[in-house]
Amino acid sequence: MAFMICKTLEACSLLPKENCMKILLIGASGTIGRAVHALLAPRHDIVTVGRSSGDLRADFTQPETLQKMFEAAGQVDAIVSTAGNLHFGPLSEMTAEQFNTGLQDKLLGQLGQRWLRDGGSITLTSGVAATEPIRHGANASTVNAALNGFVTGAAVELQRGLRINAVSPTLLTESAEAYGSVFPGFETVPAARVALAYQRSVEGAQTGKVFEVI
Ligand SMILES: NC(=O)c1ccc[n+]([C@@H]2O[C@H](COP(=O)([O-])OP(=O)(O)OC[C@H]3O[C@@H](n4cnc5c(N)ncnc54)[C@H](OP(=O)(O)O)[C@@H]3O)[C@@H](O)[C@H]2O)c1
């Protein structure tokens, strides 16, 4: 695996460019994705991915598009996903399809470890509803708790020094207007602070960890 070296440090400018990580950032155009990009792009080579924008396109609900995206990207040092869909609605009215929203996105769609170089990492995004239930949030709690469990379980099985973590943010300040009524009384956290948890996951040494940002 290529070691993380800060491109912006003068001393490191003498080192070859491959010492910076090649990072696949899925969901780069989103609220969290933009903040992660802003933090990591000065030091790393970021390949942005989205459904409708980015260097490469993929939709988690269509596995063949993911496969094509990974093939186009080639081997990378880190995969970061700040993408994912959740269904918000009353439990009594939830259809099976709605209840399953997000499970395929997060648990199946993000299994990209065979595209990682030795020692590489995967960072997924869950959320506070895993442990702090909200009204109309049964699917969100299910998906986020499953994702956290997946990270814990997958970490002990990964080979070649690969690592996997999740970032579990509370409501973002930037999303308060849109979702604040669903999270009454929740303190919000700025996207820039959430992005630091992704940096810890990608550049740090931990694995099987859920980085809660609350
Ligand atoms: N915002 C919050 O307050 C908050 C708090 C806790 C957890 N989260 C979780 O964090 C994740 C990102 O949240 P966000 O607010 O940054 O979302 P966002 O602003 O809606 O952005 C989502 C990003 O993911 C991409 N995306 C969505 N569905 C996709 C799919 N099926 N396949 C591929 N890419 C897809 C979007 O690309 P296109 O635009 O091209 O579709 C976009 O780049 C979500 O899982 C959310 O549940 C968010």
# chains A, B, ... in the order shown; residues from 1 in each chain; ligands from 1
>>> select_by_dssp(residues="stretch 22-137 of chain A", states="alpha helix (DSSP H)", output="PyMOL selection string")
chain A and resi 31-40+63-73+96-99+103
>>> write_last_selection(atoms="N, CA and C atoms", output="mmCIF file, in the first residue's frame")
data_model
loop_
_atom_site.group_PDB
_atom_site.id
_atom_site.type_symbol
_atom_site.label_atom_id
_atom_site.label_comp_id
_atom_site.auth_asym_id
_atom_site.auth_seq_id
_atom_site.Cartn_x
_atom_site.Cartn_y
_atom_site.Cartn_z
ATOM 1 N N THR A 31 -23.679 16.203 0.894
ATOM 2 C CA THR A 31 -23.323 17.121 1.987
ATOM 3 C C THR A 31 -22.064 16.626 2.707
ATOM 4 N N ILE A 32 -22.039 15.356 3.068
ATOM 5 C CA ILE A 32 -20.856 14.809 3.740
ATOM 6 C C ILE A 32 -19.723 14.624 2.734
ATOM 7 N N GLY A 33 -20.046 14.111 1.553
ATOM 8 C CA GLY A 33 -19.029 13.844 0.535
ATOM 9 C C GLY A 33 -18.221 15.089 0.170
ATOM 10 N N ARG A 34 -18.891 16.205 0.052
ATOM 11 C CA ARG A 34 -18.182 17.456 -0.307
ATOM 12 C C ARG A 34 -17.183 17.837 0.780
ATOM 13 N N ALA A 35 -17.588 17.653 2.045
ATOM 14 C CA ALA A 35 -16.694 18.005 3.158
ATOM 15 C C ALA A 35 -15.501 17.054 3.222
ATOM 16 N N VAL A 36 -15.747 15.774 2.947
ATOM 17 C CA VAL A 36 -14.646 14.798 2.944
ATOM 18 C C VAL A 36 -13.685 15.118 1.806
ATOM 19 N N HIS A 37 -14.245 15.472 0.664
ATOM 20 C CA HIS A 37 -13.412 15.821 -0.489
ATOM 21 C C HIS A 37 -12.546 17.040 -0.164
ATOM 22 N N ALA A 38 -13.157 18.042 0.434
ATOM 23 C CA ALA A 38 -12.414 19.269 0.750
ATOM 24 C C ALA A 38 -11.249 18.976 1.695
ATOM 25 N N LEU A 39 -11.446 18.035 2.617
ATOM 26 C CA LEU A 39 -10.400 17.735 3.599
ATOM 27 C C LEU A 39 -9.290 16.864 3.011
ATOM 28 N N LEU A 40 -9.674 15.884 2.195
ATOM 29 C CA LEU A 40 -8.685 14.901 1.736
ATOM 30 C C LEU A 40 -8.027 15.242 0.403
ATOM 31 N N PRO A 63 -26.189 -3.377 -9.113
ATOM 32 C CA PRO A 63 -24.846 -3.910 -8.861
ATOM 33 C C PRO A 63 -23.932 -3.900 -10.085
ATOM 34 N N GLU A 64 -24.514 -4.052 -11.287
ATOM 35 C CA GLU A 64 -23.652 -4.094 -12.481
ATOM 36 C C GLU A 64 -22.946 -2.749 -12.710
ATOM 37 N N THR A 65 -23.592 -1.664 -12.275
ATOM 38 C CA THR A 65 -22.958 -0.351 -12.441
ATOM 39 C C THR A 65 -21.780 -0.203 -11.468
ATOM 40 N N LEU A 66 -21.914 -0.848 -10.299
ATOM 41 C CA LEU A 66 -20.809 -0.822 -9.333
ATOM 42 C C LEU A 66 -19.604 -1.568 -9.882
ATOM 43 N N GLN A 67 -19.882 -2.725 -10.447
ATOM 44 C CA GLN A 67 -18.814 -3.542 -11.020
ATOM 45 C C GLN A 67 -18.054 -2.755 -12.091
ATOM 46 N N LYS A 68 -18.813 -2.107 -12.970
ATOM 47 C CA LYS A 68 -18.188 -1.317 -14.038
ATOM 48 C C LYS A 68 -17.379 -0.159 -13.468
ATOM 49 N N MET A 69 -17.912 0.446 -12.413
ATOM 50 C CA MET A 69 -17.219 1.569 -11.788
ATOM 51 C C MET A 69 -15.885 1.121 -11.199
ATOM 52 N N PHE A 70 -15.899 -0.032 -10.483
ATOM 53 C CA PHE A 70 -14.656 -0.539 -9.900
ATOM 54 C C PHE A 70 -13.649 -0.885 -11.001
ATOM 55 N N GLU A 71 -14.128 -1.481 -12.071
ATOM 56 C CA GLU A 71 -13.226 -1.831 -13.179
ATOM 57 C C GLU A 71 -12.604 -0.576 -13.779
ATOM 58 N N ALA A 72 -13.404 0.474 -13.912
ATOM 59 C CA ALA A 72 -12.891 1.724 -14.490
ATOM 60 C C ALA A 72 -11.890 2.398 -13.555
ATOM 61 N N ALA A 73 -12.139 2.286 -12.253
ATOM 62 C CA ALA A 73 -11.254 2.945 -11.284
ATOM 63 C C ALA A 73 -9.934 2.197 -11.123
ATOM 64 N N ALA A 96 -42.394 -3.954 2.330
ATOM 65 C CA ALA A 96 -41.163 -4.748 2.412
ATOM 66 C C ALA A 96 -40.041 -4.061 1.634
ATOM 67 N N GLU A 97 -40.398 -3.512 0.488
ATOM 68 C CA GLU A 97 -39.390 -2.842 -0.338
ATOM 69 C C GLU A 97 -38.811 -1.623 0.383
ATOM 70 N N GLN A 98 -39.713 -0.848 1.005
ATOM 71 C CA GLN A 98 -39.235 0.331 1.742
ATOM 72 C C GLN A 98 -38.383 -0.094 2.926
ATOM 73 N N PHE A 99 -38.812 -1.165 3.611
ATOM 74 C CA PHE A 99 -38.060 -1.616 4.778
ATOM 75 C C PHE A 99 -36.651 -2.054 4.384
ATOM 76 N N LEU A 103 -30.331 -1.347 2.703
ATOM 77 C CA LEU A 103 -29.546 -2.532 3.072
ATOM 78 C C LEU A 103 -28.644 -2.951 1.923
#
>>> residues_around(residues="stretch 177-194 of chain A", least_positions_apart="3", cutoff="8 Å", atoms="only C-alpha atoms", output="ChimeraX atom specification")
/A:31-32,35-36,39,134-135,169-174,197-198,213-214
>>> closest_residue(among="A:Ile23, A:Glu157, A:Ala41, A:Thr142", to="A:Gly74", atoms="only C-alpha atoms")
A:Ile23
>>> closest_residue(among="A:Val76, A:Val210, A:Ala83, A:Val49", to="ligand 1", atoms="only C-alpha atoms and all ligand atoms")
A:Ala83
>>> closest_residue(among="A:Asp105, A:Glu93, A:Asp55, A:Glu132", to="A:Ser81", atoms="only C-alpha atoms")
A:Asp105
>>> select_by_dssp(residues="stretch 10-159 of chain A", states="strand (DSSP E)", output="list in words")
Lys22, Ile23, Leu24, Leu25, Ile26, Asp45, Ile46, Val47, Thr48, Val49, Gly50, Leu56, Arg57, Val76, Asp77, Ala78, Ile79, Val80, Ser81, Leu116, Arg117, Asp118, Gly119, Gly120, Ser121, Ile122, Thr123, Leu124 and Thr125 of chain A
>>> write_last_selection(atoms="C-alpha atoms", output="mmCIF file, in the first residue's frame")
data_model
loop_
_atom_site.group_PDB
_atom_site.id
_atom_site.type_symbol
_atom_site.label_atom_id
_atom_site.label_comp_id
_atom_site.auth_asym_id
_atom_site.auth_seq_id
_atom_site.Cartn_x
_atom_site.Cartn_y
_atom_site.Cartn_z
ATOM 1 C CA LYS A 22 -5.756 6.941 -4.482
ATOM 2 C CA ILE A 23 -9.173 7.208 -2.840
ATOM 3 C CA LEU A 24 -12.519 6.280 -4.343
ATOM 4 C CA LEU A 25 -15.098 8.656 -2.855
ATOM 5 C CA ILE A 26 -18.629 7.409 -3.484
ATOM 6 C CA ASP A 45 -5.841 11.628 -5.406
ATOM 7 C CA ILE A 46 -9.609 11.427 -5.174
ATOM 8 C CA VAL A 47 -11.774 9.644 -7.741
ATOM 9 C CA THR A 48 -15.306 10.959 -7.266
ATOM 10 C CA VAL A 49 -18.332 8.714 -7.798
ATOM 11 C CA GLY A 50 -22.063 9.432 -7.802
ATOM 12 C CA LEU A 56 -17.298 7.794 -12.456
ATOM 13 C CA ARG A 57 -20.989 6.876 -12.141
ATOM 14 C CA VAL A 76 -7.193 1.943 -5.043
ATOM 15 C CA ASP A 77 -5.830 2.515 -1.525
ATOM 16 C CA ALA A 78 -9.113 3.476 0.079
ATOM 17 C CA ILE A 79 -12.822 3.299 -0.620
ATOM 18 C CA VAL A 80 -14.955 5.867 1.172
ATOM 19 C CA SER A 81 -18.725 5.802 0.836
ATOM 20 C CA LEU A 116 -8.096 -2.467 -2.657
ATOM 21 C CA ARG A 117 -4.338 -2.638 -2.573
ATOM 22 C CA ASP A 118 -2.748 -4.449 0.401
ATOM 23 C CA GLY A 119 -3.274 -2.468 3.603
ATOM 24 C CA GLY A 120 -6.111 -0.466 2.083
ATOM 25 C CA SER A 121 -9.268 0.619 3.841
ATOM 26 C CA ILE A 122 -13.018 0.875 3.449
ATOM 27 C CA THR A 123 -14.973 3.562 5.264
ATOM 28 C CA LEU A 124 -18.753 3.418 5.268
ATOM 29 C CA THR A 125 -21.361 5.834 6.573
#
>>> residues_around(residues="A:Leu86", least_positions_apart="5", cutoff="9 Å", atoms="only C-alpha atoms", output="number ranges by chain")
A: 98-103, 137, 139-140, 143
>>> write_last_selection(atoms="N, CA and C atoms", output="tab-separated table (two decimals), in the first residue's frame")
chain	number	residue	atom	x	y	z
A	98	GLN	N	-39.71	-0.85	1.01
A	98	GLN	CA	-39.23	0.33	1.74
A	98	GLN	C	-38.38	-0.09	2.93
A	99	PHE	N	-38.81	-1.16	3.61
A	99	PHE	CA	-38.06	-1.62	4.78
A	99	PHE	C	-36.65	-2.05	4.38
A	100	ASN	N	-36.51	-2.57	3.18
A	100	ASN	CA	-35.19	-3.04	2.72
A	100	ASN	C	-34.34	-1.94	2.10
A	101	THR	N	-34.90	-0.75	1.98
A	101	THR	CA	-34.13	0.36	1.42
A	101	THR	C	-32.84	0.55	2.20
A	102	GLY	N	-31.76	0.70	1.49
A	102	GLY	CA	-30.50	1.01	2.16
A	102	GLY	C	-29.68	-0.21	2.51
A	103	LEU	N	-30.33	-1.35	2.70
A	103	LEU	CA	-29.55	-2.53	3.07
A	103	LEU	C	-28.64	-2.95	1.92
A	137	GLY	N	-38.37	6.30	11.82
A	137	GLY	CA	-36.98	5.97	11.50
A	137	GLY	C	-36.63	4.49	11.65
A	139	ASN	N	-36.52	2.10	9.49
A	139	ASN	CA	-35.57	1.67	8.44
A	139	ASN	C	-34.18	2.27	8.70
A	140	ALA	N	-34.13	3.53	9.09
A	140	ALA	CA	-32.84	4.17	9.35
A	140	ALA	C	-32.10	3.47	10.48
A	143	VAL	N	-30.91	-0.05	9.14
A	143	VAL	CA	-29.79	0.02	8.19
A	143	VAL	C	-28.50	0.46	8.89
